[in-house]
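What follows is coords.txt (compact mmCIF, C-alpha atoms).
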```txt
# COMPACT_ATOMS: atom_id res chain seq x y z
CA MET A 1 7.89 -18.18 -18.67
CA ARG A 2 11.03 -19.95 -17.64
CA LYS A 3 11.49 -21.34 -14.14
CA VAL A 4 13.88 -19.21 -12.12
CA LYS A 5 16.33 -20.55 -9.57
CA THR A 6 16.31 -19.63 -5.90
CA GLY A 7 18.61 -16.64 -5.42
CA GLU A 8 19.27 -16.28 -9.15
CA PHE A 9 19.20 -12.49 -8.74
CA GLU A 10 20.23 -12.22 -5.11
CA GLY A 11 18.57 -9.28 -3.38
CA GLY A 12 15.67 -8.76 -5.77
CA CYS A 13 14.09 -9.62 -9.10
CA ALA A 14 11.85 -7.94 -11.67
CA PHE A 15 9.57 -9.28 -14.40
CA VAL A 16 9.69 -7.01 -17.46
CA GLU A 17 8.43 -7.70 -20.99
CA GLY A 18 7.88 -11.34 -20.10
CA GLU A 19 11.39 -11.91 -18.73
CA PHE A 20 12.83 -12.22 -15.24
CA VAL A 21 15.75 -9.82 -14.78
CA PRO A 22 17.82 -8.34 -11.94
CA LEU A 23 16.46 -5.11 -10.50
CA SER A 24 19.21 -3.11 -12.20
CA GLU A 25 17.80 -4.09 -15.61
CA ALA A 26 14.16 -3.21 -14.88
CA LYS A 27 13.21 -0.36 -17.22
CA ILE A 28 10.14 1.45 -18.53
CA SER A 29 9.85 3.59 -21.66
CA LEU A 30 10.01 7.37 -21.30
CA PHE A 31 6.94 7.45 -23.53
CA ASP A 32 4.78 5.07 -21.48
CA TRP A 33 1.66 6.90 -20.34
CA GLY A 34 2.20 5.31 -16.95
CA PHE A 35 5.18 7.67 -16.66
CA THR A 36 4.00 10.70 -18.63
CA ARG A 37 0.38 10.76 -17.41
CA SER A 38 0.32 8.59 -14.29
CA ASP A 39 -2.04 6.37 -16.30
CA VAL A 40 -1.28 3.29 -14.25
CA THR A 41 -2.52 1.12 -11.44
CA TYR A 42 -0.55 -1.12 -9.13
CA ASP A 43 -0.70 -3.17 -5.98
CA VAL A 44 1.84 -4.13 -3.34
CA ALA A 45 1.85 -7.42 -1.47
CA SER A 46 4.41 -8.66 1.01
CA THR A 47 6.08 -11.81 2.16
CA TRP A 48 7.01 -12.38 5.79
CA GLN A 49 9.22 -15.23 6.87
CA GLY A 50 8.93 -16.87 3.47
CA ALA A 51 5.17 -16.60 2.91
CA PHE A 52 2.88 -14.10 1.19
CA PHE A 53 0.28 -12.42 3.39
CA ARG A 54 -3.23 -12.18 1.90
CA LEU A 55 -1.87 -12.46 -1.64
CA GLY A 56 -5.26 -13.44 -3.05
CA ASP A 57 -6.79 -10.21 -1.74
CA HIS A 58 -4.04 -8.12 -3.32
CA ILE A 59 -4.45 -9.89 -6.66
CA GLU A 60 -8.23 -9.41 -6.61
CA ARG A 61 -7.85 -5.70 -5.86
CA PHE A 62 -5.30 -5.39 -8.69
CA PHE A 63 -7.66 -6.99 -11.21
CA SER A 64 -10.53 -4.83 -9.94
CA SER A 65 -8.41 -1.69 -10.37
CA MET A 66 -7.44 -2.67 -13.90
CA GLU A 67 -11.06 -3.27 -14.83
CA LYS A 68 -12.08 0.17 -13.56
CA MET A 69 -9.26 1.78 -15.56
CA HIS A 70 -9.88 -0.19 -18.78
CA LEU A 71 -6.50 -1.89 -18.45
CA ALA A 72 -5.62 -5.54 -18.92
CA ILE A 73 -2.66 -7.90 -18.63
CA PRO A 74 -2.08 -11.12 -20.61
CA TYR A 75 -1.99 -13.25 -17.45
CA SER A 76 -4.63 -14.98 -15.37
CA ARG A 77 -4.80 -14.62 -11.62
CA SER A 78 -3.03 -17.97 -11.25
CA GLU A 79 -0.28 -16.96 -13.67
CA LEU A 80 0.17 -13.65 -11.87
CA ARG A 81 0.56 -15.50 -8.60
CA ASP A 82 3.26 -17.67 -10.18
CA ILE A 83 5.12 -14.60 -11.47
CA LEU A 84 5.09 -12.93 -8.05
CA HIS A 85 6.26 -16.11 -6.35
CA ALA A 86 9.05 -16.43 -8.91
CA CYS A 87 10.21 -12.84 -8.29
CA VAL A 88 10.55 -13.55 -4.56
CA ARG A 89 12.25 -16.88 -5.16
CA ALA A 90 14.70 -15.47 -7.71
CA GLY A 91 15.58 -12.67 -5.29
CA GLY A 92 16.28 -15.18 -2.51
CA LEU A 93 14.02 -13.13 -0.24
CA GLN A 94 12.21 -14.14 2.94
CA ASP A 95 10.72 -10.75 3.89
CA ALA A 96 9.81 -8.89 0.70
CA TYR A 97 7.97 -5.95 -0.82
CA VAL A 98 6.30 -7.31 -3.96
CA ALA A 99 4.75 -5.00 -6.55
CA MET A 100 2.53 -5.66 -9.56
CA VAL A 101 2.07 -2.79 -12.02
CA CYS A 102 -0.04 -2.24 -15.15
CA THR A 103 0.53 0.87 -17.27
CA ARG A 104 -1.37 2.23 -20.24
CA GLY A 105 1.73 1.66 -22.33
CA VAL A 106 3.02 3.49 -25.39
CA PRO A 107 0.43 4.61 -27.96
CA PRO A 108 1.21 5.07 -31.67
CA ARG A 109 3.16 8.27 -32.28
CA GLY A 110 0.88 11.30 -32.10
CA ALA A 111 -2.12 9.31 -30.89
CA ARG A 112 -4.16 10.53 -27.93
CA ASP A 113 -6.67 7.71 -27.84
CA PRO A 114 -5.84 5.47 -24.83
CA ARG A 115 -7.52 2.54 -26.58
CA LEU A 116 -4.66 2.49 -29.07
CA ALA A 117 -1.98 1.92 -26.44
CA GLN A 118 -0.72 -1.57 -25.68
CA ASN A 119 -0.86 -2.05 -21.90
CA ARG A 120 2.32 -3.08 -20.14
CA PHE A 121 2.81 -5.29 -17.09
CA TYR A 122 5.69 -5.18 -14.64
CA ALA A 123 6.37 -6.92 -11.34
CA TYR A 124 9.23 -6.91 -8.89
CA ALA A 125 10.29 -8.10 -5.47
CA LEU A 126 12.83 -6.40 -3.22
CA PRO A 127 13.63 -6.51 0.50
CA TYR A 128 10.69 -5.60 2.76
CA VAL A 129 10.05 -1.87 2.98
CA TRP A 130 8.97 -0.29 6.27
CA ILE A 131 7.16 3.07 6.35
CA ALA A 132 9.02 3.52 9.61
CA SER A 133 11.59 1.23 11.18
CA ARG A 134 10.69 -0.64 14.35
CA GLU A 135 13.19 1.57 16.19
CA LYS A 136 11.41 4.69 14.95
CA GLN A 137 8.05 3.21 15.86
CA LEU A 138 9.24 2.56 19.40
CA ALA A 139 10.70 6.05 19.67
CA GLY A 140 7.41 7.49 18.46
CA LEU A 141 6.16 8.89 15.16
CA ASP A 142 4.95 12.49 14.98
CA LEU A 143 2.07 12.82 12.49
CA HIS A 144 1.30 16.14 10.82
CA ILE A 145 -2.35 16.83 9.95
CA SER A 146 -2.03 18.78 6.73
CA ASP A 147 -4.54 21.32 5.46
CA ARG A 148 -3.93 20.06 1.93
CA GLN A 149 -6.97 18.42 0.38
CA ARG A 150 -6.87 14.95 -1.11
CA ILE A 151 -7.89 14.73 -4.77
CA PRO A 152 -11.70 14.31 -4.65
CA ALA A 153 -13.01 10.79 -5.15
CA ALA A 154 -15.25 12.15 -7.90
CA SER A 155 -12.09 13.01 -9.85
CA VAL A 156 -9.80 10.07 -9.05
CA ASP A 157 -11.31 6.91 -7.56
CA PRO A 158 -9.25 6.25 -4.40
CA THR A 159 -10.26 2.58 -4.37
CA VAL A 160 -8.07 2.20 -7.47
CA LYS A 161 -4.50 2.14 -6.21
CA ASN A 162 -2.78 4.96 -8.10
CA TYR A 163 0.25 7.24 -8.27
CA HIS A 164 -1.71 10.53 -8.00
CA TRP A 165 0.30 11.57 -4.96
CA MET A 166 1.17 15.23 -5.57
CA ASP A 167 -1.15 16.33 -2.76
CA MET A 168 0.31 13.82 -0.33
CA VAL A 169 3.92 14.47 -1.35
CA GLN A 170 3.45 18.19 -0.76
CA SER A 171 1.90 17.39 2.61
CA MET A 172 5.07 15.47 3.46
CA PHE A 173 7.10 18.63 2.83
CA ASP A 174 4.63 20.46 5.09
CA ALA A 175 5.44 17.89 7.75
CA TYR A 176 9.22 18.05 7.28
CA ASP A 177 9.16 21.86 7.42
CA ARG A 178 7.57 21.53 10.87
CA GLY A 179 9.92 18.81 12.09
CA ARG A 180 7.30 16.05 11.87
CA ASP A 181 7.82 12.52 10.58
CA THR A 182 4.95 12.07 8.14
CA SER A 183 1.56 13.50 7.25
CA CYS A 184 -2.05 12.86 6.38
CA VAL A 185 -4.40 14.97 4.27
CA VAL A 186 -8.06 15.95 4.52
CA ASP A 187 -11.06 16.18 2.20
CA ALA A 188 -12.94 19.37 1.28
CA ALA A 189 -14.98 19.11 4.49
CA GLY A 190 -11.87 18.87 6.67
CA ASN A 191 -12.21 15.15 7.39
CA ILE A 192 -9.12 12.95 7.61
CA THR A 193 -8.59 10.82 4.50
CA GLU A 194 -5.21 9.08 4.24
CA GLY A 195 -1.47 9.56 4.05
CA PRO A 196 1.26 8.59 1.60
CA GLY A 197 0.89 4.82 1.59
CA PHE A 198 -1.26 4.36 4.68
CA ASN A 199 -4.74 4.58 6.19
CA VAL A 200 -5.39 6.41 9.46
CA PHE A 201 -7.19 5.06 12.54
CA MET A 202 -7.89 6.56 15.95
CA ALA A 203 -9.26 5.31 19.25
CA LYS A 204 -11.27 7.33 21.74
CA ASP A 205 -13.08 6.07 24.82
CA GLY A 206 -12.49 2.48 23.71
CA ILE A 207 -13.93 2.93 20.21
CA VAL A 208 -11.85 2.75 17.01
CA TYR A 209 -12.67 5.16 14.18
CA THR A 210 -11.55 5.33 10.56
CA ALA A 211 -12.73 7.12 7.42
CA ASP A 212 -15.62 5.52 5.59
CA GLN A 213 -15.00 7.04 2.15
CA GLY A 214 -12.52 8.93 0.01
CA VAL A 215 -9.65 6.57 0.83
CA LEU A 216 -7.86 3.55 -0.55
CA GLU A 217 -9.49 0.45 0.87
CA GLY A 218 -6.20 -0.95 2.08
CA ILE A 219 -5.67 -4.63 2.72
CA SER A 220 -3.97 -3.77 6.01
CA ARG A 221 -6.92 -1.46 6.77
CA ARG A 222 -9.27 -4.38 6.12
CA THR A 223 -7.14 -6.60 8.35
CA ALA A 224 -7.27 -4.10 11.22
CA MET A 225 -11.04 -3.80 10.87
CA GLU A 226 -11.47 -7.58 10.89
CA LEU A 227 -9.21 -7.84 13.93
CA CYS A 228 -11.38 -5.31 15.76
CA GLY A 229 -14.28 -7.72 15.25
CA ARG A 230 -12.21 -10.70 16.36
CA LEU A 231 -11.04 -8.88 19.50
CA ASP A 232 -14.45 -7.36 20.31
CA ILE A 233 -13.13 -3.82 19.87
CA PRO A 234 -15.96 -1.42 18.85
CA LEU A 235 -15.35 0.04 15.39
CA LYS A 236 -17.00 2.95 13.58
CA THR A 237 -16.38 3.75 9.92
CA ALA A 238 -17.51 7.34 9.52
CA PRO A 239 -16.15 10.80 8.68
CA VAL A 240 -13.29 11.66 11.03
CA PRO A 241 -12.97 15.45 11.38
CA ALA A 242 -9.44 16.69 12.03
CA ALA A 243 -10.62 18.04 15.39
CA LEU A 244 -11.78 14.57 16.40
CA LEU A 245 -8.41 13.08 15.48
CA ARG A 246 -6.68 15.70 17.61
CA SER A 247 -8.81 14.60 20.57
CA ALA A 248 -7.90 10.92 20.19
CA ASP A 249 -6.56 8.72 22.96
CA GLU A 250 -4.59 6.68 20.42
CA VAL A 251 -3.75 6.97 16.73
CA PHE A 252 -2.28 4.35 14.46
CA LEU A 253 -1.61 3.86 10.76
CA THR A 254 -2.08 0.73 8.66
CA SER A 255 0.03 -0.21 5.67
CA THR A 256 1.54 -3.21 3.93
CA GLY A 257 4.80 -1.44 4.75
CA GLY A 258 4.64 -2.07 8.47
CA GLY A 259 1.20 -3.37 9.39
CA ILE A 260 -0.01 -1.46 12.46
CA LEU A 261 2.13 1.62 13.15
CA PRO A 262 1.49 3.51 16.42
CA ILE A 263 1.61 7.31 16.49
CA ALA A 264 3.09 9.11 19.48
CA LYS A 265 2.35 12.74 18.63
CA LEU A 266 0.04 14.85 16.47
CA ASP A 267 1.83 17.98 15.29
CA GLY A 268 4.25 17.78 18.19
CA ILE A 269 1.61 17.26 20.87
CA PRO A 270 1.92 13.89 22.68
CA LEU A 271 -1.14 11.65 22.57
CA PRO A 272 -2.57 10.51 25.91
CA GLN A 273 -1.53 6.91 25.21
CA PHE A 274 1.48 5.63 23.29
CA PRO A 275 1.53 2.91 22.38
CA GLY A 276 -2.05 2.62 23.55
CA PRO A 277 -3.68 -0.63 24.71
CA ILE A 278 -5.91 -0.95 21.64
CA THR A 279 -3.04 -0.27 19.23
CA THR A 280 -0.88 -2.78 21.07
CA ARG A 281 -3.54 -5.51 20.90
CA LEU A 282 -4.07 -4.92 17.19
CA TYR A 283 -0.33 -4.80 16.52
CA GLU A 284 0.23 -8.14 18.22
CA ALA A 285 -2.80 -9.72 16.53
CA TYR A 286 -1.76 -8.41 13.11
CA TRP A 287 1.60 -10.15 13.18
CA ALA A 288 0.18 -13.26 14.86
CA ILE A 289 -2.26 -13.95 12.01
CA HIS A 290 0.65 -14.07 9.58
CA ASP A 291 1.07 -17.60 10.92
CA GLU A 292 -2.52 -18.62 10.21
CA ALA A 293 -2.94 -20.88 7.19
CA ALA A 294 -5.87 -18.89 5.82
CA TYR A 295 -3.64 -15.85 5.32
CA ARG A 296 -0.37 -17.54 4.28
CA ASP A 297 0.82 -18.49 0.82
CA PRO A 298 4.31 -19.99 1.30
CA VAL A 299 6.92 -19.41 -1.38
CA SER A 300 8.58 -22.50 -2.83
CA TYR A 301 12.33 -21.96 -2.78
```

Target encoding structure tokens, full file:
Amino acid sequence: MRKVKTGEFEGGCAFVEGEFVPLSEAKISLFDWGFTRSDVTYDVASTWQGAFFRLGDHIERFFSSMEKMHLAIPYSRSELRDILHACVRAGGLQDAYVAMVCTRGVPPRGARDPRLAQNRFYAYALPYVWIASREKQLAGLDLHISDRQRIPAASVDPTVKNYHWMDMVQSMFDAYDRGRDTSCVVDAAGNITEGPGFNVFMAKDGIVYTADQGVLEGISRRTAMELCGRLDIPLKTAPVPAALLRSADEVFLTSTGGGILPIAKLDGIPLPQFPGPITTRLYEAYWAIHDEAAYRDPVSY
């Protein structure tokens, strides 16, 4: 791999087929099973003010996901870190959305045996992506609780970050049809699982709740849970029935695309507290730990 210059591809950079290229030249084959069958795993890290946040955790989850899916890339963890750093540096970015992707690849013509496909690796960095802008967060997000069921964990392992989002995308249309901002889906028992790109938390009577299974084990979710311990906020990981969520004092989402995102309404009904005191404490603590050395991995520009 060649060494890229700072700002070489101003505004974003991709790593495709072993080469660093501008985002406009990042391409994938129409015949890659990552596209035709969603046979792919990925992870998304971020940089904030010139440093990665919990990059090691994202890389470990990416390698774990690949192992579970019988996928592999020709790079070590250290080499992957260098590639991701280079994508940010080449894009001249300070606050960035940084993706790493492994697809099944293109098998020999006519073959249906996934073992015959050569896996493909892609990475890219572009300006930081917010699930909701800070202005929208302050104005208040309205979360729709969809009746659509998340794909069962027995069918698709939710701890493997994947693109099986048809259920969640349809739930977003459910939300838009009702004038809401975003949505979350439930499992077969009617318990809250997750939303498109985020985990769901609630607080009631001073206790924070979040789903204990059937969800992506998000890095931001993990951060929020650890911060509850640091701040002496009681936390319960357990099934969260939709009815319990509707009775919450506070609700917030967690995502690499925004950290802690407070919810103002559930299906148009204002929550008792917005932004609530627990959400506010966690929000402030989440961004504060970005400055702690244990969580930072500064980019060399």

Given only C-alpha atoms as the basis, pick out the residue of A:Pro74, A:Gly91, A:Gly34, A:Pro108 nearest to Asn162 in chain A.
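The shortest atom-to-atom distance to Asn162 in chain A comes from A:Gly34.
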
| task | Rank nothing, just name the residue among A:Phe198, A:Tyr42, A:Phe63, A:Phe20 nearest to Ile219 in chain A, using only C-alpha atoms. | result |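 Closest candidate: A:Phe198.
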
I'd like the contact shell of range 276-283 of chain A - 8 Å cut-off, all atoms listed in the file, skipping same-chain residues fewer than 3 positions apart - returned as a VMD selection string. chain A and resid 203 206 224 227 to 228 233 249 to 252 259 to 262 273 286 to 287

Residues of the last selection are to be written out with C-alpha atoms, as a PDB file, in the frame of the given file.
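Saved file out.pdb follows:
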```
ATOM      1  CA  ALA A 203      -9.260   5.310  19.250  1.00  0.00           C
ATOM      2  CA  GLY A 206     -12.490   2.480  23.710  1.00  0.00           C
ATOM      3  CA  ALA A 224      -7.270  -4.100  11.220  1.00  0.00           C
ATOM      4  CA  LEU A 227      -9.210  -7.840  13.930  1.00  0.00           C
ATOM      5  CA  CYS A 228     -11.380  -5.310  15.760  1.00  0.00           C
ATOM      6  CA  ILE A 233     -13.130  -3.820  19.870  1.00  0.00           C
ATOM      7  CA  ASP A 249      -6.560   8.720  22.960  1.00  0.00           C
ATOM      8  CA  GLU A 250      -4.590   6.680  20.420  1.00  0.00           C
ATOM      9  CA  VAL A 251      -3.750   6.970  16.730  1.00  0.00           C
ATOM     10  CA  PHE A 252      -2.280   4.350  14.460  1.00  0.00           C
ATOM     11  CA  GLY A 259       1.200  -3.370   9.390  1.00  0.00           C
ATOM     12  CA  ILE A 260      -0.010  -1.460  12.460  1.00  0.00           C
ATOM     13  CA  LEU A 261       2.130   1.620  13.150  1.00  0.00           C
ATOM     14  CA  PRO A 262       1.490   3.510  16.420  1.00  0.00           C
ATOM     15  CA  GLN A 273      -1.530   6.910  25.210  1.00  0.00           C
ATOM     16  CA  TYR A 286      -1.760  -8.410  13.110  1.00  0.00           C
ATOM     17  CA  TRP A 287       1.600 -10.150  13.180  1.00  0.00           C
TER      18      TRP A 287
END
```

Taken to one decimal, the CA of Val101 in chain A-CA of Arg89 in chain A distance is 18.7 Å

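CA of Gly92 in chain A sits 13.4 Å away from CA of Val21 in chain A.
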
Inset, instruction - Would you kindly return, as a PyMOL selection string, each protein, DNA or RNA residue with an atom no farther than 8 Å from any atom of Ala96 in chain A, considering all atoms listed in the file and excluding same-chain residues fewer than 3 positions away? - result: chain A and resi 46-48+88+93+125-129

Those residues with C-alpha atoms, as a PDB file, in the frame of the given file please?
```pdb
ATOM      1  CA  SER A  46       4.410  -8.660   1.010  1.00  0.00           C
ATOM      2  CA  THR A  47       6.080 -11.810   2.160  1.00  0.00           C
ATOM      3  CA  TRP A  48       7.010 -12.380   5.790  1.00  0.00           C
ATOM      4  CA  VAL A  88      10.550 -13.550  -4.560  1.00  0.00           C
ATOM      5  CA  LEU A  93      14.020 -13.130  -0.240  1.00  0.00           C
ATOM      6  CA  ALA A 125      10.290  -8.100  -5.470  1.00  0.00           C
ATOM      7  CA  LEU A 126      12.830  -6.400  -3.220  1.00  0.00           C
ATOM      8  CA  PRO A 127      13.630  -6.510   0.500  1.00  0.00           C
ATOM      9  CA  TYR A 128      10.690  -5.600   2.760  1.00  0.00           C
ATOM     10  CA  VAL A 129      10.050  -1.870   2.980  1.00  0.00           C
TER      11      VAL A 129
END
```

At a cut-off of 8 Å, can you tabulate as a Markdown table every residue of range 31-50 of chain A near range 163-167 of chain A together with its closest atom pair and the distance in Å to one decimal, using only C-alpha atoms and ordering rows by chain then number?
```
| residue | atom | partner | partner_atom | distance |
| --- | --- | --- | --- | --- |
| A:Ser38 | CA | A:Tyr163 | CA | 6.2 |
| A:Val40 | CA | A:Tyr163 | CA | 7.3 |
| A:Thr41 | CA | A:Tyr163 | CA | 7.4 |
```

One decimal place gives the CA of Asp113 in chain A-CA of Arg37 in chain A separation as 13.0 Å

Counting all atoms listed in the file, the residue among A:His144, A:Arg54, A:His85, A:Arg230 that lies closest to Val299 in chain A is A:His85

Can you tell me, as JSON, the centre and edge lengths (Å, one decimal) of the axis-aligned box enclosing all of range 271-275 of chain A's listed atoms after padding each side by 6 Å?
```
{"center_x": -0.5, "center_y": 7.3, "center_z": 24.1, "size_x": 16.1, "size_y": 20.7, "size_z": 15.5}
```

field: Shortest interatomic distance to Pro107 in chain A - which of A:Gln137, A:Ser171, A:Gln213, A:Ser29, counting all atoms listed in the file
entry: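 Ranking A:Gln137, A:Ser171, A:Gln213, A:Ser29 by distance to Pro107 in chain A, first place goes to A:Ser29.
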
From the list A:Ala294, A:Val16, A:Met172, A:Cys102, the nearest residue to Glu67 in chain A using all atoms listed in the file is A:Cys102

TODO: Dump as a PyMOL selection string all residues having an atom at most 10 Å from (-8.6, -2.0, 2.2), computed in the file's coordinates with all atoms listed in the file.
DONE: chain A and resi 57-58+61+159+199+215-225+254-255
